[in-house]
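A.B. asks: Next up, entry.txt (compact mmCIF, C-alpha atoms).
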```txt
# COMPACT_ATOMS: atom_id res chain seq x y z
CA MET A 150 -46.00 -79.04 1.96
CA VAL A 151 -43.23 -79.43 4.56
CA LYS A 152 -40.61 -76.86 5.53
CA LEU A 153 -37.04 -77.83 6.43
CA LYS A 154 -37.48 -76.29 9.90
CA ASP A 155 -40.21 -78.88 10.53
CA VAL A 156 -37.69 -81.73 10.33
CA LEU A 157 -34.31 -80.17 11.22
CA PHE A 158 -32.99 -77.70 13.78
CA GLU A 159 -29.63 -75.96 14.10
CA GLN A 160 -27.49 -77.37 16.91
CA PRO A 161 -26.13 -74.37 18.89
CA ARG A 162 -23.45 -76.36 20.73
CA LYS A 163 -19.99 -74.73 20.77
CA ASN A 164 -16.66 -75.74 22.20
CA PHE A 165 -13.83 -73.25 22.69
CA ASN A 166 -11.42 -75.75 24.25
CA PRO A 167 -11.86 -79.09 22.41
CA GLU A 168 -8.48 -80.41 23.60
CA SER A 169 -9.77 -80.55 27.16
CA GLU A 170 -12.50 -82.98 26.09
CA ASN A 171 -10.10 -85.19 24.10
CA ILE A 172 -11.64 -84.23 20.76
CA GLU A 173 -9.20 -85.40 18.09
CA PHE A 174 -10.59 -84.14 14.78
CA CYS A 175 -11.84 -81.10 12.92
CA VAL A 176 -13.68 -80.64 9.63
CA ARG A 177 -12.47 -78.03 7.15
CA ASP A 178 -14.08 -76.86 3.93
CA GLU A 179 -11.76 -79.12 1.91
CA ASP A 180 -12.77 -82.18 3.95
CA PHE A 181 -16.23 -82.10 2.34
CA ASP A 182 -16.46 -83.76 -1.07
CA THR A 183 -19.18 -82.61 -3.46
CA ASP A 184 -22.12 -85.07 -3.46
CA TYR A 185 -20.54 -87.39 -0.86
CA LEU A 186 -22.65 -87.75 2.28
CA PHE A 187 -19.81 -89.21 4.37
CA PHE A 188 -16.33 -87.92 5.10
CA ARG A 189 -13.53 -89.67 3.23
CA ARG A 190 -10.81 -88.31 5.52
CA LYS A 191 -10.32 -87.05 9.07
CA THR A 192 -8.25 -83.94 9.80
CA PRO A 193 -6.30 -83.79 13.09
CA LEU A 194 -7.48 -81.15 15.54
CA HIS A 195 -4.17 -79.27 15.42
CA GLU A 196 -5.04 -78.16 11.87
CA ALA A 197 -8.23 -76.41 13.04
CA GLY A 198 -8.47 -72.68 12.37
CA PRO A 199 -9.19 -69.96 14.93
CA THR A 200 -12.96 -69.98 14.28
CA PHE A 201 -13.43 -73.76 14.70
CA HIS A 202 -15.87 -73.69 17.61
CA ARG A 203 -18.91 -75.52 16.29
CA HIS A 204 -18.95 -78.82 18.17
CA PHE A 205 -20.50 -81.75 16.34
CA LYS A 206 -21.10 -85.34 17.41
CA PRO A 207 -21.32 -88.56 15.39
CA TYR A 208 -24.22 -88.76 12.93
CA GLU A 209 -25.24 -85.13 13.19
CA ILE A 210 -25.51 -83.44 9.79
CA LEU A 211 -22.95 -80.85 8.63
CA TYR A 212 -23.72 -78.34 5.88
CA MET A 213 -21.12 -75.98 4.40
CA THR A 214 -22.74 -72.56 3.94
CA ARG A 215 -20.02 -71.10 1.70
CA ASN A 216 -20.50 -71.50 -2.06
CA PRO A 217 -23.74 -73.54 -1.98
CA ARG A 218 -23.22 -74.56 -5.61
CA LEU A 219 -20.53 -76.96 -4.33
CA ARG A 220 -23.23 -79.13 -2.67
CA LYS A 221 -21.29 -79.85 0.51
CA VAL A 222 -23.30 -81.78 3.07
CA ALA A 223 -22.11 -84.83 5.02
CA GLN A 224 -22.74 -86.91 8.12
CA PRO A 225 -19.62 -87.67 10.20
CA ASP A 226 -19.15 -90.92 12.12
CA PHE A 227 -16.79 -89.15 14.54
CA GLU A 228 -16.83 -86.23 16.98
CA GLY A 229 -15.06 -82.96 16.22
CA VAL A 230 -15.25 -79.22 15.66
CA ALA A 231 -15.96 -77.20 12.54
CA ALA A 232 -15.69 -73.55 11.48
CA ASN A 233 -18.48 -71.05 11.96
CA THR A 234 -19.27 -71.39 8.25
CA THR A 235 -20.52 -74.94 8.88
CA LEU A 236 -24.04 -75.61 10.10
CA VAL A 237 -24.50 -78.45 12.60
CA LEU A 238 -28.01 -79.84 12.18
CA ASN A 239 -30.12 -82.39 14.04
CA GLU A 240 -33.27 -84.20 13.06
CA ILE A 241 -36.36 -83.26 15.05
CA LYS A 242 -37.44 -86.30 17.03
CA ASN A 243 -40.91 -87.71 16.45
CA SER A 244 -41.41 -85.68 13.30
CA GLU A 245 -44.79 -86.47 11.79
CA THR A 246 -43.65 -85.72 8.25
CA LEU A 247 -40.22 -87.34 7.79
CA ILE A 248 -38.92 -90.61 9.19
CA PRO A 249 -35.52 -90.69 10.99
CA GLY A 250 -32.50 -90.93 8.69
CA MET A 251 -34.08 -89.11 5.75
CA ALA A 252 -33.01 -85.51 6.41
CA LYS A 253 -29.48 -85.81 4.98
CA TYR A 254 -30.95 -87.08 1.72
CA VAL A 255 -33.29 -84.10 1.55
CA LEU A 256 -30.24 -81.81 1.88
CA SER A 257 -28.50 -83.71 -0.94
CA SER A 258 -31.34 -83.13 -3.41
CA ASN A 259 -31.03 -80.95 -6.49
CA LYS A 260 -34.16 -79.12 -5.39
CA PHE A 261 -32.58 -78.09 -2.08
CA HIS A 262 -29.27 -77.05 -3.65
CA GLU A 263 -31.08 -74.90 -6.22
CA TYR A 264 -33.03 -73.29 -3.42
CA ALA A 265 -29.81 -72.66 -1.46
CA LYS A 266 -28.32 -70.86 -4.46
CA SER A 267 -31.48 -68.75 -4.80
CA VAL A 268 -31.13 -67.41 -1.23
CA GLN A 269 -27.36 -66.98 -1.17
CA VAL A 270 -25.90 -63.56 -0.38
CA GLY A 271 -22.62 -62.04 -1.53
CA SER A 272 -21.11 -62.12 -5.01
CA THR A 273 -17.38 -62.84 -4.66
CA ASN A 274 -17.74 -65.50 -1.97
CA PRO A 275 -21.48 -66.26 -1.66
CA PHE A 276 -22.91 -67.90 1.43
CA THR A 277 -26.23 -68.95 2.90
CA LYS A 278 -27.88 -68.57 6.32
CA TRP A 279 -29.95 -71.03 8.30
CA ARG A 280 -32.73 -68.46 8.71
CA ASP A 281 -33.24 -68.68 4.94
CA LEU A 282 -32.44 -72.35 4.39
CA LYS A 283 -34.95 -73.50 7.01
CA GLU A 284 -37.77 -72.12 4.86
CA PHE A 285 -37.07 -74.62 2.07
CA GLU A 286 -40.29 -76.43 1.14
CA PHE A 287 -40.71 -79.96 -0.17
CA ILE A 288 -43.40 -82.62 -0.48
CA PRO A 289 -42.29 -86.00 0.93
CA PRO A 290 -44.15 -89.21 0.04
CA ASN A 291 -46.17 -91.12 2.60
CA GLU A 292 -44.45 -92.96 5.44
CA THR A 293 -44.63 -96.36 3.79
CA ARG A 294 -42.92 -95.10 0.65
CA GLN A 295 -40.36 -93.20 2.73
CA ARG A 296 -39.34 -96.42 4.45
CA GLU A 297 -38.92 -98.14 1.08
CA LEU A 298 -36.81 -95.27 -0.22
CA LEU A 299 -34.69 -95.17 2.94
CA ILE A 300 -33.78 -98.85 2.56
CA LEU A 301 -32.68 -98.24 -1.03
CA LEU A 302 -30.78 -95.04 -0.24
CA ASN A 303 -28.94 -96.63 2.67
CA LYS A 304 -27.93 -99.57 0.47
CA ILE A 305 -26.53 -97.13 -2.09
CA GLU A 306 -24.52 -95.41 0.67
CA ASP A 307 -23.21 -98.75 1.95
CA ASN A 308 -22.04 -99.68 -1.55
CA LEU A 309 -20.39 -96.28 -1.93
CA LYS A 310 -18.48 -96.81 1.30
CA ASN A 311 -17.41 -100.30 0.20
CA LEU A 312 -16.13 -98.92 -3.11
CA GLU A 313 -14.30 -96.19 -1.21
CA TYR A 314 -12.57 -98.88 0.85
CA PHE A 315 -11.66 -100.77 -2.34
CA THR A 316 -10.16 -97.69 -4.01
CA ASP A 317 -8.17 -96.95 -0.85
CA SER A 318 -6.85 -100.52 -0.95
CA LEU A 319 -5.73 -100.02 -4.56
CA ASN A 320 -3.84 -96.90 -3.47
CA ILE A 321 -2.11 -98.87 -0.72
CA LEU A 322 -1.14 -101.62 -3.18
CA GLU A 323 0.25 -99.04 -5.61
CA ARG A 324 2.39 -97.47 -2.89
CA LYS A 325 3.74 -100.88 -1.88
CA ILE A 326 4.66 -101.79 -5.47
CA SER A 327 6.31 -98.41 -6.02
CA TYR A 328 8.28 -98.58 -2.79
CA ASP A 329 9.64 -102.02 -3.66
CA PHE A 330 10.45 -100.98 -7.24
CA PHE A 331 12.47 -97.88 -6.39
CA SER A 332 14.17 -99.61 -3.45
CA SER A 333 15.40 -102.36 -5.75
CA ASN A 334 16.14 -100.48 -8.97
CA ALA A 335 17.42 -97.03 -7.98
CA LYS A 336 21.19 -97.49 -8.32
CA SER A 337 22.12 -93.84 -8.90
CA PHE A 338 20.47 -90.44 -8.60
CA VAL A 339 20.48 -87.01 -10.26
CA LYS A 340 19.15 -83.67 -9.06
CA MET A 341 15.69 -82.65 -10.20
CA SER A 342 17.21 -79.46 -11.62
CA SER A 343 19.28 -81.49 -14.10
CA ILE A 344 16.18 -82.87 -15.85
CA LEU A 345 14.10 -79.66 -15.85
CA GLU A 346 13.98 -76.98 -18.52
CA GLY A 347 14.19 -73.87 -16.37
CA VAL A 348 12.49 -73.32 -13.03
CA PRO A 349 8.94 -74.41 -12.15
CA GLU A 350 6.31 -72.05 -13.55
CA SER A 351 3.87 -70.56 -11.05
CA GLY A 352 0.12 -70.43 -11.70
CA TYR A 353 -2.48 -67.73 -11.15
CA SER A 354 -5.58 -67.77 -8.90
CA PRO A 355 -8.21 -65.15 -9.73
CA ASN A 356 -11.37 -64.96 -7.63
CA GLU A 357 -13.90 -67.69 -8.27
CA HIS A 358 -17.11 -66.46 -9.90
CA TRP A 359 -20.47 -67.66 -8.68
CA GLU A 360 -21.86 -68.52 -12.13
CA ASP A 361 -20.47 -70.48 -15.08
CA THR A 362 -18.43 -68.20 -17.37
CA LYS A 363 -16.90 -70.88 -19.64
CA LYS A 364 -13.45 -69.93 -18.34
CA TYR A 365 -11.99 -71.89 -15.44
CA VAL A 366 -9.17 -72.42 -12.98
CA LEU A 367 -8.27 -75.90 -11.76
CA ASN A 368 -9.31 -77.04 -8.32
CA LEU A 369 -6.36 -78.18 -6.19
CA SER A 370 -8.22 -81.41 -5.44
CA CYS A 371 -7.54 -82.62 -9.02
CA LEU A 372 -4.01 -83.62 -7.95
CA THR A 373 -4.41 -86.87 -6.06
CA LYS A 374 -2.30 -89.71 -4.73
CA SER A 375 -2.94 -91.42 -8.08
CA GLY A 376 -2.07 -88.44 -10.25
CA TYR A 377 -4.36 -86.06 -12.10
CA LYS A 378 -8.10 -86.72 -11.76
CA PHE A 379 -10.74 -84.45 -13.19
CA SER A 380 -12.58 -82.53 -10.49
CA LYS A 381 -15.08 -79.70 -10.40
CA LEU A 382 -13.63 -76.61 -12.07
CA LYS A 383 -13.86 -73.11 -10.60
CA PRO A 384 -15.42 -70.57 -12.98
CA ILE A 385 -13.63 -67.23 -13.30
CA LEU A 386 -14.35 -63.99 -15.11
CA GLU A 387 -13.06 -63.89 -18.69
CA ALA A 388 -11.12 -60.71 -17.85
CA ASP A 389 -9.21 -62.72 -15.23
CA PHE A 390 -8.29 -65.52 -17.64
CA SER A 391 -4.50 -65.45 -18.14
CA ALA A 392 -3.79 -67.04 -21.52
CA GLY A 393 -0.17 -67.65 -20.55
CA LYS A 394 -1.34 -69.98 -17.80
CA ALA A 395 -3.70 -71.97 -20.04
CA LEU A 396 -3.14 -75.70 -19.85
CA SER A 397 -2.41 -78.12 -22.67
CA LYS A 398 -2.73 -81.87 -22.74
CA GLY A 399 0.42 -83.46 -21.30
CA ASP A 400 1.32 -80.58 -18.94
CA PHE A 401 2.97 -81.78 -15.72
CA LEU A 402 1.51 -80.16 -12.59
CA ILE A 403 2.54 -80.30 -8.93
CA SER A 404 0.94 -78.72 -5.86
CA ARG A 405 3.34 -76.34 -4.17
CA ALA A 406 0.99 -75.53 -1.26
CA ASN A 407 -1.40 -77.83 0.57
CA THR A 408 -1.68 -79.72 3.85
CA PHE A 409 1.34 -81.75 4.93
CA GLU A 410 -0.36 -84.91 3.73
CA LEU A 411 -1.17 -83.53 0.27
CA VAL A 412 1.55 -81.00 -0.61
CA GLY A 413 3.62 -82.08 -3.60
CA LEU A 414 0.97 -84.29 -5.18
CA CYS A 415 1.31 -84.16 -8.93
CA GLY A 416 -0.29 -85.26 -12.16
CA ILE A 417 -0.23 -85.02 -15.94
CA PHE A 418 -3.10 -82.93 -17.33
CA ASP A 419 -4.96 -85.10 -19.84
CA LEU A 420 -7.64 -82.84 -21.34
CA ALA A 421 -7.49 -81.34 -24.83
CA ARG A 422 -8.91 -77.94 -23.82
CA ASN A 423 -7.78 -74.32 -23.88
CA ASP A 424 -10.22 -72.77 -21.37
CA ILE A 425 -8.53 -73.84 -18.11
CA ILE A 426 -5.64 -72.22 -16.24
CA PHE A 427 -3.77 -73.59 -13.24
CA PRO A 428 -3.83 -71.88 -9.81
CA ASP A 429 -1.00 -70.30 -7.85
CA THR A 430 -1.02 -73.29 -5.50
CA MET A 431 0.48 -75.33 -8.36
CA TRP A 432 3.57 -75.27 -10.56
CA ARG A 433 3.89 -76.41 -14.16
CA LEU A 434 7.09 -78.37 -14.81
CA ASN A 435 8.84 -78.51 -18.16
CA PHE A 436 11.22 -81.44 -18.60
CA LYS A 437 14.14 -81.83 -20.95
CA GLN A 438 13.69 -83.91 -24.06
CA GLY A 439 13.92 -87.64 -23.42
CA VAL A 440 12.82 -87.49 -19.79
CA ASP A 441 10.09 -90.04 -19.02
CA LYS A 442 7.44 -87.83 -17.37
CA GLU A 443 5.35 -90.83 -16.34
CA LEU A 444 8.28 -92.39 -14.47
CA ILE A 445 9.04 -89.07 -12.73
CA LEU A 446 5.37 -88.77 -11.80
CA ASN A 447 5.35 -92.26 -10.31
CA PHE A 448 8.52 -91.58 -8.35
CA LEU A 449 7.15 -88.35 -6.87
CA LEU A 450 3.98 -90.21 -5.85
CA SER A 451 5.91 -93.15 -4.38
CA PRO A 452 6.65 -93.34 -0.63
CA GLN A 453 10.26 -92.30 -1.32
CA GLY A 454 9.19 -89.35 -3.45
CA ARG A 455 6.54 -88.26 -0.95
CA LEU A 456 9.11 -88.34 1.84
CA SER A 457 11.49 -86.17 -0.21
CA ILE A 458 8.71 -83.62 -0.75
CA GLN A 459 7.50 -83.61 2.83
CA LYS A 460 11.01 -82.98 4.13
CA LEU A 461 10.91 -79.70 2.19
CA ALA A 462 7.43 -78.65 3.32
CA ALA A 463 7.43 -75.58 5.54
CA GLY A 464 4.70 -73.69 7.34
CA THR A 465 3.31 -73.15 10.80
CA SER A 466 1.03 -75.70 12.41
CA GLY A 467 -2.54 -75.42 11.18
CA SER A 468 -1.56 -73.68 7.91
CA MET A 469 -0.92 -74.90 4.41
CA LYS A 470 2.56 -76.33 3.96
CA LYS A 471 4.64 -75.03 1.06
CA ILE A 472 7.63 -76.16 -0.94
CA ASN A 473 10.01 -73.68 -2.57
CA LYS A 474 11.61 -73.87 -5.99
CA ALA A 475 15.19 -74.12 -4.73
CA GLY A 476 14.35 -77.01 -2.44
CA PHE A 477 12.37 -78.81 -5.12
CA ALA A 478 15.26 -78.47 -7.59
CA SER A 479 17.53 -80.25 -5.10
CA ILE A 480 15.40 -83.40 -4.85
CA MET A 481 17.36 -86.47 -5.90
CA VAL A 482 15.63 -88.46 -8.65
CA PRO A 483 16.60 -92.09 -9.39
CA LYS A 484 18.05 -93.11 -12.74
CA ILE A 485 16.18 -96.20 -13.92
CA ASP A 486 16.86 -98.49 -16.89
CA THR A 487 14.39 -97.54 -19.62
CA SER A 488 12.91 -100.99 -20.23
CA ILE A 489 12.50 -101.73 -16.52
CA GLY A 490 10.94 -98.31 -15.96
CA LYS A 491 8.40 -98.78 -18.72
CA ALA A 492 7.38 -102.21 -17.41
CA TYR A 493 6.88 -100.76 -13.93
CA CYS A 494 4.85 -97.82 -15.30
CA LYS A 495 2.61 -100.29 -17.15
CA VAL A 496 1.81 -102.12 -13.89
CA VAL A 497 1.01 -98.84 -12.14
CA SER A 498 -1.10 -97.70 -15.11
CA ASN A 499 -3.19 -100.88 -14.89
CA LEU A 500 -3.73 -100.34 -11.18
CA ARG A 501 -4.90 -96.81 -11.85
CA LEU A 502 -7.29 -98.05 -14.52
CA SER A 503 -8.87 -100.29 -11.88
CA HIS A 504 -8.98 -97.27 -9.60
CA GLU A 505 -10.72 -95.20 -12.29
CA GLU A 506 -13.25 -97.98 -12.92
CA SER A 507 -14.04 -98.05 -9.21
CA CYS A 508 -14.43 -94.27 -9.20
CA SER A 509 -16.77 -94.49 -12.20
CA LYS A 510 -18.93 -96.97 -10.31
CA LYS A 511 -19.05 -94.55 -7.39
CA ASP A 512 -20.16 -91.77 -9.75
CA ARG A 513 -22.95 -93.97 -11.12
CA LEU A 514 -24.12 -94.78 -7.61
CA ILE A 515 -24.21 -91.08 -6.75
CA GLN A 516 -26.31 -90.40 -9.85
CA LEU A 517 -28.65 -93.24 -8.86
CA ARG A 518 -29.01 -91.76 -5.38
CA LYS A 519 -29.81 -88.35 -6.86
CA SER A 520 -32.61 -89.79 -8.98
CA VAL A 521 -34.11 -91.63 -6.00
CA VAL A 522 -33.88 -88.53 -3.80
CA GLU A 523 -35.95 -86.48 -6.24
CA GLU A 524 -38.99 -88.60 -5.35
CA LEU A 525 -38.31 -87.84 -1.70
CA VAL A 526 -38.58 -84.06 -2.09
CA GLY A 527 -41.45 -84.00 -4.59
```
Would you mind writing the structure in this file as structure tokens?
C.D. replies:
Amino acid sequence: MVKLKDVLFEQPRKNFNPESENIEFCVRDEDFDTDYLFFRRKTPLHEAGPTFHRHFKPYEILYMTRNPRLRKVAQPDFEGVAANTTLVLNEIKNSETLIPGMAKYVLSSNKFHEYAKSVQVGSTNPFTKWRDLKEFEFIPPNETRQRELLILLNKIEDNLKNLEYFTDSLNILERKISYDFFSSNAKSFVKMSSILEGVPESGYSPNEHWEDTKKYVLNLSCLTKSGYKFSKLKPILEADFSAGKALSKGDFLISRANTFELVGLCGIFDLARNDIIFPDTMWRLNFKQGVDKELILNFLLSPQGRLSIQKLAAGTSGSMKKINKAGFASIMVPKIDTSIGKAYCKVVSNLRLSHEESCSKKDRLIQLRKSVVEELVG
């Protein structure tokens, strides 16, 4: 039996003036992606919060202690700072029980995440502590088998990163096609307010509950640069479920508050469920009859639409940027010939199908990695 403290130690390094050392990036809670062991984005240092003093270096291991059920552990390939809720961990050199490179996979295992939940403290916003996590016990295989597993696990990670690059390339292609389309075909414009039925409807964000209650609020991460994508839901108490905010298939959602890069992302909810509400960081838009919601969605996600949104975004540096209802209503939307618009939307839809297929392959690779890792922890 091996304890986590036998193979990992907490890195105490802190930096209260990262600018002086030319550190360019920080890692926030939202920069971790559940079950991804690498970071898919880098956040500029100027967006760091006041408690971002934990200094990490490339290939150290970062573990998010808040809400351990979210399974947030990753290994950066860059230097930066993180909040005090993030553990910076290093492998113990010359460990006799675990070969180098294996520790991050141990932390990604179901067994470890279940243990982390068992030692969490707090009910509204549960968290874990290194003094408890380091006592996690597991039974690794012999060194020869570890080396075989490491080769396989690293190949899975390499393929994941390649697929991530491919999906990013599809996003770039979509933006290029959309930019060219609206540049060539937008001959006249109308205000957003003229195609909406009333003002945008605000959502509601009750406190997240630590266990599954069968009632949920959407996670802001479901609104992406390619529209709505299902993401992990946040469970809430049934007493906090606001039926008036329940979502229906076909509802049009837009983020009203996020980082500058992500504010204003939108999507069309595509699930036939009645147990999910939308948060107060989103609006629900109701369009007049005859308005092509898919075309409006594609415009708002196009470079021209994103620029219109970002011009409205307000907020101090380092905070979430917000758009207001009056500003959003004033956005100029292009009038597009119906047949041309539908042909364009078909092209974009096919691109997004390729994107979804790539994402599905990534999901299957993650499940494969999970099954391999279980042998690692015994």
A.B. asks: For each of A:Leu514, A:Leu444, A:Leu500, A:Leu219, take the minimum atom-to-atom distance to Ser375 of chain A, counting only C-alpha atoms, then give the residue where this is smallest.
C.D. replies: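 Closest to Ser375 of chain A of all the choices is A:Leu500.
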A.B. asks: Which is closer to Val348 of chain A than all the others in A:Gly490, A:Gly527, A:Pro161, A:Gly476, using all atoms listed in the file?
C.D. replies: A:Gly476
A.B. asks: Which protein, DNA or RNA residues are at most 10 Å from (-7.5, -66.3, -10.6) in the file's coordinates when you count only C-alpha atoms, listed as a PDB file with C-alpha atoms, in the frame of the given file?
C.D. replies:
```
ATOM      1  CA  GLY A 352       0.120 -70.430 -11.700  1.00  0.00           C
ATOM      2  CA  TYR A 353      -2.480 -67.730 -11.150  1.00  0.00           C
ATOM      3  CA  SER A 354      -5.580 -67.770  -8.900  1.00  0.00           C
ATOM      4  CA  PRO A 355      -8.210 -65.150  -9.730  1.00  0.00           C
ATOM      5  CA  ASN A 356     -11.370 -64.960  -7.630  1.00  0.00           C
ATOM      6  CA  GLU A 357     -13.900 -67.690  -8.270  1.00  0.00           C
ATOM      7  CA  HIS A 358     -17.110 -66.460  -9.900  1.00  0.00           C
ATOM      8  CA  TYR A 365     -11.990 -71.890 -15.440  1.00  0.00           C
ATOM      9  CA  VAL A 366      -9.170 -72.420 -12.980  1.00  0.00           C
ATOM     10  CA  LEU A 367      -8.270 -75.900 -11.760  1.00  0.00           C
ATOM     11  CA  LYS A 383     -13.860 -73.110 -10.600  1.00  0.00           C
ATOM     12  CA  PRO A 384     -15.420 -70.570 -12.980  1.00  0.00           C
ATOM     13  CA  ILE A 385     -13.630 -67.230 -13.300  1.00  0.00           C
ATOM     14  CA  LEU A 386     -14.350 -63.990 -15.110  1.00  0.00           C
ATOM     15  CA  ALA A 388     -11.120 -60.710 -17.850  1.00  0.00           C
ATOM     16  CA  ASP A 389      -9.210 -62.720 -15.230  1.00  0.00           C
ATOM     17  CA  PHE A 390      -8.290 -65.520 -17.640  1.00  0.00           C
ATOM     18  CA  SER A 391      -4.500 -65.450 -18.140  1.00  0.00           C
ATOM     19  CA  ILE A 426      -5.640 -72.220 -16.240  1.00  0.00           C
ATOM     20  CA  PHE A 427      -3.770 -73.590 -13.240  1.00  0.00           C
ATOM     21  CA  PRO A 428      -3.830 -71.880  -9.810  1.00  0.00           C
ATOM     22  CA  ASP A 429      -1.000 -70.300  -7.850  1.00  0.00           C
TER      23      ASP A 429
END
```
A.B. asks: Just want the 7 Å neighbourhood of Asn216 of chain A, counted on only C-alpha atoms, with same-chain residues fewer than 3 positions away dropped. Output as a PyMOL selection string.
C.D. replies: chain A and resi 219+274-276
A.B. asks: Looking at all atoms listed in the file, which of A:Phe181, A:Val237, A:Arg190, A:Phe174 is the one that sits closest to Glu159 of chain A?
C.D. replies: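 For Glu159 of chain A, the nearest of the given residues is A:Val237.
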A.B. asks: Grab the atom CA of Leu194 of chain A to atom CA of Cys175 of chain A distance for me, in Å with one decimal place.
C.D. replies: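 Atom CA of Leu194 of chain A sits 5.1 Å away from atom CA of Cys175 of chain A.
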A.B. asks: Point out the residue among A:Met251, A:Val268, A:Leu309, A:Val176 with the least atom-to-atom distance to Thr234 of chain A, counting only C-alpha atoms.
C.D. replies: A:Val176
A.B. asks: Because the input lacks atoms here, generate N, CA and C atoms for segment 189-209 of chain A and report them as a short mmCIF file (atom, residue, chain, number, x, y, z; two decimals), keeping the file's coordinate frame.
C.D. replies:
```cif
data_model
loop_
_atom_site.label_atom_id
_atom_site.label_comp_id
_atom_site.auth_asym_id
_atom_site.auth_seq_id
_atom_site.Cartn_x
_atom_site.Cartn_y
_atom_site.Cartn_z
N ARG A 189 -14.51 -88.70 3.74
CA ARG A 189 -13.53 -89.67 3.23
C ARG A 189 -12.17 -89.49 3.89
N ARG A 190 -12.06 -88.53 4.78
CA ARG A 190 -10.81 -88.31 5.52
C ARG A 190 -11.13 -87.63 6.84
N LYS A 191 -10.21 -87.73 7.79
CA LYS A 191 -10.32 -87.05 9.07
C LYS A 191 -9.11 -86.14 9.24
N THR A 192 -9.34 -84.90 9.62
CA THR A 192 -8.25 -83.94 9.80
C THR A 192 -7.94 -83.80 11.29
N PRO A 193 -6.66 -83.93 11.67
CA PRO A 193 -6.30 -83.79 13.09
C PRO A 193 -6.69 -82.42 13.63
N LEU A 194 -7.01 -82.38 14.91
CA LEU A 194 -7.48 -81.15 15.54
C LEU A 194 -6.48 -80.02 15.44
N HIS A 195 -5.16 -80.34 15.43
CA HIS A 195 -4.17 -79.27 15.42
C HIS A 195 -4.20 -78.45 14.13
N GLU A 196 -4.93 -78.92 13.11
CA GLU A 196 -5.04 -78.16 11.87
C GLU A 196 -6.30 -77.28 11.85
N ALA A 197 -7.03 -77.25 12.97
CA ALA A 197 -8.23 -76.41 13.04
C ALA A 197 -7.85 -74.93 13.04
N GLY A 198 -8.68 -74.11 12.40
CA GLY A 198 -8.47 -72.68 12.37
C GLY A 198 -9.00 -72.00 13.62
N PRO A 199 -8.81 -70.69 13.73
CA PRO A 199 -9.19 -69.96 14.93
C PRO A 199 -10.69 -69.85 15.16
N THR A 200 -11.51 -70.09 14.12
CA THR A 200 -12.96 -69.98 14.28
C THR A 200 -13.64 -71.36 14.37
N PHE A 201 -12.87 -72.40 14.65
CA PHE A 201 -13.43 -73.76 14.70
C PHE A 201 -14.01 -74.03 16.09
N HIS A 202 -15.23 -73.54 16.31
CA HIS A 202 -15.87 -73.69 17.61
C HIS A 202 -17.17 -74.48 17.57
N ARG A 203 -17.66 -74.77 16.37
CA ARG A 203 -18.91 -75.52 16.29
C ARG A 203 -18.64 -77.00 16.59
N HIS A 204 -19.20 -77.47 17.66
CA HIS A 204 -18.95 -78.82 18.17
C HIS A 204 -20.01 -79.77 17.62
N PHE A 205 -19.56 -80.77 16.86
CA PHE A 205 -20.50 -81.75 16.34
C PHE A 205 -20.21 -83.13 16.92
N LYS A 206 -21.22 -83.97 16.91
CA LYS A 206 -21.10 -85.34 17.41
C LYS A 206 -21.44 -86.31 16.29
N PRO A 207 -21.08 -87.59 16.47
CA PRO A 207 -21.32 -88.56 15.39
C PRO A 207 -22.77 -88.57 14.92
N TYR A 208 -22.94 -88.60 13.62
CA TYR A 208 -24.22 -88.76 12.93
C TYR A 208 -25.11 -87.53 12.99
N GLU A 209 -24.56 -86.38 13.46
CA GLU A 209 -25.24 -85.13 13.19
C GLU A 209 -24.95 -84.75 11.73
#
```
